[in-house]
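Content type mmCIF, C-alpha atoms, from the file input-v7.cif:
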data_final
#
loop_
_atom_site.label_atom_id
_atom_site.label_comp_id
_atom_site.auth_asym_id
_atom_site.auth_seq_id
_atom_site.Cartn_x
_atom_site.Cartn_y
_atom_site.Cartn_z
CA MET A 1 132.44 59.06 -5.20
CA MET A 2 131.71 55.47 -6.22
CA ILE A 3 131.85 54.35 -2.55
CA LYS A 4 129.31 56.98 -1.56
CA ARG A 5 126.93 55.86 -4.32
CA PHE A 6 127.33 52.22 -3.32
CA SER A 7 126.64 53.09 0.36
CA PHE A 8 123.59 55.09 -0.60
CA ALA A 9 122.29 52.30 -2.86
CA ALA A 10 122.84 49.68 -0.12
CA ALA A 11 121.01 51.83 2.42
CA LEU A 12 118.12 52.36 -0.01
CA VAL A 13 117.78 48.61 -0.70
CA ALA A 14 117.89 47.82 3.05
CA THR A 15 115.21 50.42 3.76
CA MET A 16 112.96 49.10 0.99
CA ALA A 17 113.40 45.50 2.18
CA THR A 18 112.29 46.36 5.72
CA ALA A 19 109.39 48.46 4.43
CA PHE A 20 107.85 45.47 2.63
CA VAL A 21 108.06 42.97 5.51
CA PRO A 22 104.49 42.17 6.55
CA HIS A 23 103.66 43.22 10.13
CA ALA A 24 102.29 39.78 10.96
CA ALA A 25 105.72 38.27 10.28
CA VAL A 26 107.24 40.26 13.11
CA ALA A 27 106.14 38.76 16.42
CA ASP A 28 105.22 41.17 19.20
CA ASP A 29 107.55 40.76 22.14
CA ASP A 30 107.18 43.12 25.10
CA PHE A 31 110.78 42.55 26.17
CA LEU A 32 112.14 43.46 22.73
CA ASP A 33 109.83 46.48 22.61
CA SER A 34 111.04 47.64 26.04
CA ILE A 35 114.61 48.13 24.74
CA SER A 36 113.59 51.37 23.02
CA GLN A 37 111.32 52.58 25.83
CA GLN A 38 112.86 55.19 28.09
CA LEU A 39 111.54 56.98 31.14
CA ARG A 40 109.66 60.10 30.19
CA PHE A 41 112.21 62.72 31.26
CA ARG A 42 110.91 65.14 33.86
CA GLU A 43 112.38 67.69 36.20
CA ALA A 44 111.72 66.85 39.86
CA MET A 45 109.52 69.94 40.26
CA SER A 46 106.95 68.45 37.83
CA TYR A 47 106.24 65.40 40.03
CA ARG A 48 103.03 65.15 42.03
CA TYR A 49 104.96 64.49 45.26
CA LYS A 50 108.03 66.67 45.74
CA SER A 51 110.24 68.52 48.20
CA GLU A 52 112.72 71.36 47.64
CA GLN A 53 115.60 72.67 49.77
CA ARG A 54 118.39 75.05 48.78
CA SER A 55 117.58 74.74 45.04
CA VAL A 56 117.72 70.92 45.01
CA THR A 57 114.35 69.26 44.38
CA VAL A 58 113.35 65.62 44.87
CA GLY A 59 110.21 64.22 43.21
CA VAL A 60 108.52 60.80 43.35
CA GLU A 61 105.56 59.01 41.79
CA ALA A 62 104.62 55.34 41.62
CA PHE A 63 104.41 53.59 38.25
CA GLY A 64 101.20 51.87 37.26
CA LYS A 65 101.19 48.36 35.77
CA LYS A 66 100.98 49.65 32.18
CA ASP A 67 104.03 51.87 32.70
CA GLN A 68 105.95 48.94 34.20
CA GLU A 69 105.15 46.76 31.19
CA ARG A 70 106.06 49.51 28.71
CA ILE A 71 109.37 50.41 30.36
CA LEU A 72 110.52 46.95 31.49
CA GLY A 73 108.59 44.51 29.27
CA SER A 74 106.73 42.94 32.19
CA LYS A 75 105.13 43.57 35.55
CA THR A 76 107.61 43.57 38.40
CA GLY A 77 106.17 40.74 40.47
CA ASP A 78 106.73 41.39 44.16
CA PHE A 79 108.14 44.90 43.64
CA ILE A 80 106.68 48.37 43.48
CA THR A 81 108.39 50.69 41.02
CA LEU A 82 108.86 54.31 41.97
CA ASP A 83 109.87 56.98 39.45
CA VAL A 84 112.27 59.27 41.34
CA ALA A 85 114.05 62.42 40.16
CA VAL A 86 116.58 64.73 41.83
CA THR A 87 117.11 68.12 40.15
CA ASN A 88 120.18 70.21 41.01
CA ASP A 89 119.43 73.89 40.35
CA THR A 90 122.49 75.05 42.31
CA PRO A 91 125.77 76.31 40.78
CA ILE A 92 127.71 73.45 42.44
CA ARG A 93 127.88 69.68 42.12
CA VAL A 94 125.94 67.55 44.57
CA HIS A 95 126.15 63.85 45.36
CA LEU A 96 123.08 61.64 45.69
CA ASN A 97 124.07 59.48 48.67
CA ASP A 98 121.13 57.46 49.92
CA ILE A 99 117.58 56.48 48.96
CA TYR A 100 115.06 54.54 51.03
CA VAL A 101 111.36 54.47 51.90
CA MET A 102 109.71 54.57 55.33
CA SER A 103 106.32 52.91 55.64
CA LYS A 104 104.50 52.22 58.91
CA GLY A 105 107.65 53.01 60.90
CA LYS A 106 109.86 50.56 59.00
CA ILE A 107 112.69 51.24 56.56
CA ALA A 108 112.50 49.67 53.09
CA ARG A 109 115.77 49.95 51.16
CA GLN A 110 116.04 50.01 47.39
CA GLU A 111 116.17 46.37 46.34
CA ASP A 112 119.19 44.75 44.74
CA LEU A 113 118.55 44.67 40.99
CA ASN A 114 119.70 41.06 40.71
CA LEU A 115 116.81 40.07 43.01
CA VAL A 116 114.38 42.06 40.87
CA VAL A 117 115.62 40.30 37.72
CA LYS A 118 115.07 36.89 39.33
CA ASP A 119 111.55 37.83 40.45
CA VAL A 120 110.33 39.01 37.04
CA ASP A 121 109.63 36.00 34.82
CA PRO A 122 110.63 36.81 31.23
CA GLY A 123 109.15 33.56 29.93
CA GLY A 124 109.66 32.70 26.28
CA GLY A 125 111.08 29.17 26.36
CA GLY A 126 114.12 29.31 24.06
CA LYS A 127 113.93 33.11 24.07
CA GLY A 128 114.29 33.15 27.86
CA ASN A 129 118.01 33.96 27.85
CA LEU A 130 117.55 36.83 25.40
CA ARG A 131 114.64 38.23 27.38
CA MET A 132 116.54 37.83 30.66
CA SER A 133 119.50 39.78 29.30
CA ILE A 134 117.18 42.50 27.91
CA LEU A 135 115.43 42.72 31.29
CA ARG A 136 118.73 42.88 33.20
CA LYS A 137 120.12 45.59 30.90
CA GLY A 138 116.87 47.59 31.11
CA LEU A 139 116.76 47.42 34.90
CA PHE A 140 120.35 48.57 35.31
CA GLU A 141 120.02 51.39 32.77
CA LYS A 142 116.69 52.69 34.02
CA SER A 143 117.18 52.45 37.79
CA LEU A 144 118.24 55.43 39.90
CA GLN A 145 121.87 55.19 40.95
CA THR A 146 123.71 57.13 43.61
CA GLY A 147 126.37 59.51 42.26
CA ILE A 148 127.22 63.05 41.26
CA ILE A 149 124.60 65.41 39.83
CA GLU A 150 126.10 68.34 37.93
CA PRO A 151 124.70 71.90 38.21
CA GLY A 152 121.50 72.25 36.19
CA GLU A 153 121.09 68.49 35.72
CA THR A 154 118.51 65.94 36.86
CA ALA A 155 119.16 62.36 37.93
CA GLN A 156 116.08 60.27 37.25
CA GLY A 157 115.38 56.57 37.53
CA ILE A 158 113.35 53.75 38.97
CA VAL A 159 113.59 52.66 42.60
CA PHE A 160 112.35 49.14 43.41
CA ILE A 161 110.75 48.44 46.80
CA LYS A 162 109.27 45.11 47.95
CA LYS A 163 105.45 45.23 47.97
CA LYS A 164 105.31 43.71 51.44
CA HIS A 165 107.18 46.78 52.81
CA LEU A 166 104.92 49.37 51.20
CA LYS A 167 101.14 49.24 51.24
CA LYS A 168 99.23 52.37 50.18
CA SER A 169 101.62 55.17 51.09
CA GLY A 170 105.12 55.87 52.29
CA VAL A 171 107.75 58.54 52.74
CA LEU A 172 110.69 58.68 50.34
CA HIS A 173 113.94 59.62 52.11
CA VAL A 174 116.79 60.98 50.01
CA ARG A 175 120.16 62.24 51.22
CA VAL A 176 122.14 64.66 49.04
CA GLN A 177 125.61 66.02 49.81
CA ASN A 178 126.84 69.47 48.78
CA LEU A 179 130.34 68.77 47.38
CA ARG A 180 131.71 72.26 48.00
CA GLN A 181 130.96 72.11 51.71
CA VAL A 182 130.45 68.98 53.74
CA VAL A 183 126.75 69.65 54.11
CA TYR A 184 123.99 67.05 53.78
CA LEU A 185 120.43 67.80 52.73
CA ASN A 186 117.84 65.28 53.91
CA TYR A 187 114.56 65.06 52.04
CA GLU A 188 111.33 63.46 53.19
CA VAL A 189 108.67 63.20 50.48
CA PRO A 190 105.33 61.65 51.51
CA PHE A 191 103.62 59.88 48.57
CA LYS A 192 100.72 57.55 47.78
CA LEU A 193 100.59 54.60 45.44
CA LYS A 194 98.27 54.61 42.43
#

Since I need it in another form, could you write the structure as structure tokens?
Amino acid sequence: MMIKRFSFAAALVATMATAFVPHAAVADDDFLDSISQQLRFREAMSYRYKSEQRSVTVGVEAFGKKDQERILGSKTGDFITLDVAVTNDTPIRVHLNDIYVMSKGKIARQEDLNLVVKDVDPGGGGKGNLRMSILRKGLFEKSLQTGIIEPGETAQGIVFIKKKHLKKSGVLHVRVQNLRQVVYLNYEVPFKLK
């Protein structure tokens, strides 16, 4: 009983101490703020640009600069960020195999995240290493990865494409495999940038 009271009292003191810290004393840092920012979860059917086959839907929209800064703490330099979701409304597991964009007859693959990290300048002088690690962690957690999508679930994440490969519009290509049968579904989703 005494331990519980002590824990409660410690928690109360800690809460009061943080409540009285002046706001001006806490420096605004977009990279620190981005740690708590997640993608706004959406089913693929709610996207502006989408395609559905056999109860699997793929949706895509481009992020604006404000969304990039909110989610990642900075603009993404030479990269365009696409918000992509794949919703599996089938009773079986599917595997997200491949993602790429076609623009003006050329294929643009999802960029290696290490290259994206190097391109985005976190700045901050002595805080540079902290910001770089926050950026790296955020990119890896928030990017769309290939893998299994369970029945009734949605895989959602960011896909990074070099700006020089994508001007005003493109076609998102996604390949999904039905894991019960060796069947592949190929999606082509035309989209425009904001």

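Applied to the file shown here, the PyMOL selection byres ((chain A and resi 155) around 6) selects Ala85, Val86, Thr154 and Gln156 of chain A.
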
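Between atom CA of A:Val101 and atom CA of A:Thr81 the interatomic distance comes to 11.9 Å.
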
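Taken over the shown file, the PyMOL selection byres ((chain A and resi 63) around 9) identifies Glu61, Ala62, Gly64, Lys65, Lys66, Asp67, Gln68, Ile80, Thr81, Leu82, Asp83, Ile158, Leu193 and Lys194 of chain A.
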
Could you list, as a PDB file with C-alpha atoms, in the coordinates of the input, every residue matched by the PyMOL selection byres ((chain A and resi 171) around 7) in this structure?
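Saved to expr00.pdb:
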ATOM      1  CA  VAL A 101     111.360  54.470  51.900  1.00  0.00           C
ATOM      2  CA  MET A 102     109.710  54.570  55.330  1.00  0.00           C
ATOM      3  CA  SER A 103     106.320  52.910  55.640  1.00  0.00           C
ATOM      4  CA  GLY A 170     105.120  55.870  52.290  1.00  0.00           C
ATOM      5  CA  LEU A 172     110.690  58.680  50.340  1.00  0.00           C
ATOM      6  CA  HIS A 173     113.940  59.620  52.110  1.00  0.00           C
ATOM      7  CA  GLU A 188     111.330  63.460  53.190  1.00  0.00           C
ATOM      8  CA  VAL A 189     108.670  63.200  50.480  1.00  0.00           C
ATOM      9  CA  PRO A 190     105.330  61.650  51.510  1.00  0.00           C
ATOM     10  CA  PHE A 191     103.620  59.880  48.570  1.00  0.00           C
TER      11      PHE A 191
END

Residues around (122.7, 66.2, 44.6), cut-off 10 Å, counting all atoms listed in the file - what are they as a PyMOL selection string?
chain A and resi 55-58+86-90+92-97+146-151+153-155+174-179+184-185

Could those residues be written to a file, using C-alpha atoms, as a tab-separated table (two decimals), in the frame of the given file?
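out34.tsv written:
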chain	number	residue	atom	x	y	z
A	55	SER	CA	117.58	74.74	45.04
A	56	VAL	CA	117.72	70.92	45.01
A	57	THR	CA	114.35	69.26	44.38
A	58	VAL	CA	113.35	65.62	44.87
A	86	VAL	CA	116.58	64.73	41.83
A	87	THR	CA	117.11	68.12	40.15
A	88	ASN	CA	120.18	70.21	41.01
A	89	ASP	CA	119.43	73.89	40.35
A	90	THR	CA	122.49	75.05	42.31
A	92	ILE	CA	127.71	73.45	42.44
A	93	ARG	CA	127.88	69.68	42.12
A	94	VAL	CA	125.94	67.55	44.57
A	95	HIS	CA	126.15	63.85	45.36
A	96	LEU	CA	123.08	61.64	45.69
A	97	ASN	CA	124.07	59.48	48.67
A	146	THR	CA	123.71	57.13	43.61
A	147	GLY	CA	126.37	59.51	42.26
A	148	ILE	CA	127.22	63.05	41.26
A	149	ILE	CA	124.60	65.41	39.83
A	150	GLU	CA	126.10	68.34	37.93
A	151	PRO	CA	124.70	71.90	38.21
A	153	GLU	CA	121.09	68.49	35.72
A	154	THR	CA	118.51	65.94	36.86
A	155	ALA	CA	119.16	62.36	37.93
A	174	VAL	CA	116.79	60.98	50.01
A	175	ARG	CA	120.16	62.24	51.22
A	176	VAL	CA	122.14	64.66	49.04
A	177	GLN	CA	125.61	66.02	49.81
A	178	ASN	CA	126.84	69.47	48.78
A	179	LEU	CA	130.34	68.77	47.38
A	184	TYR	CA	123.99	67.05	53.78
A	185	LEU	CA	120.43	67.80	52.73

Have a look at A:Arg54, A:Phe160, A:Lys106, A:Gly138 and name the one nearest to A:Arg70; count only C-alpha atoms.
A:Gly138

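With atom CA of A:Asp78 on one side and atom CA of A:Tyr47 on the other, the separation reads 24.4 Å.
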
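Counting all atoms listed in the file, the residue from A:Leu72, A:Tyr187, A:Ala44, A:Leu135 that sits nearest to A:Gly152 is A:Ala44.
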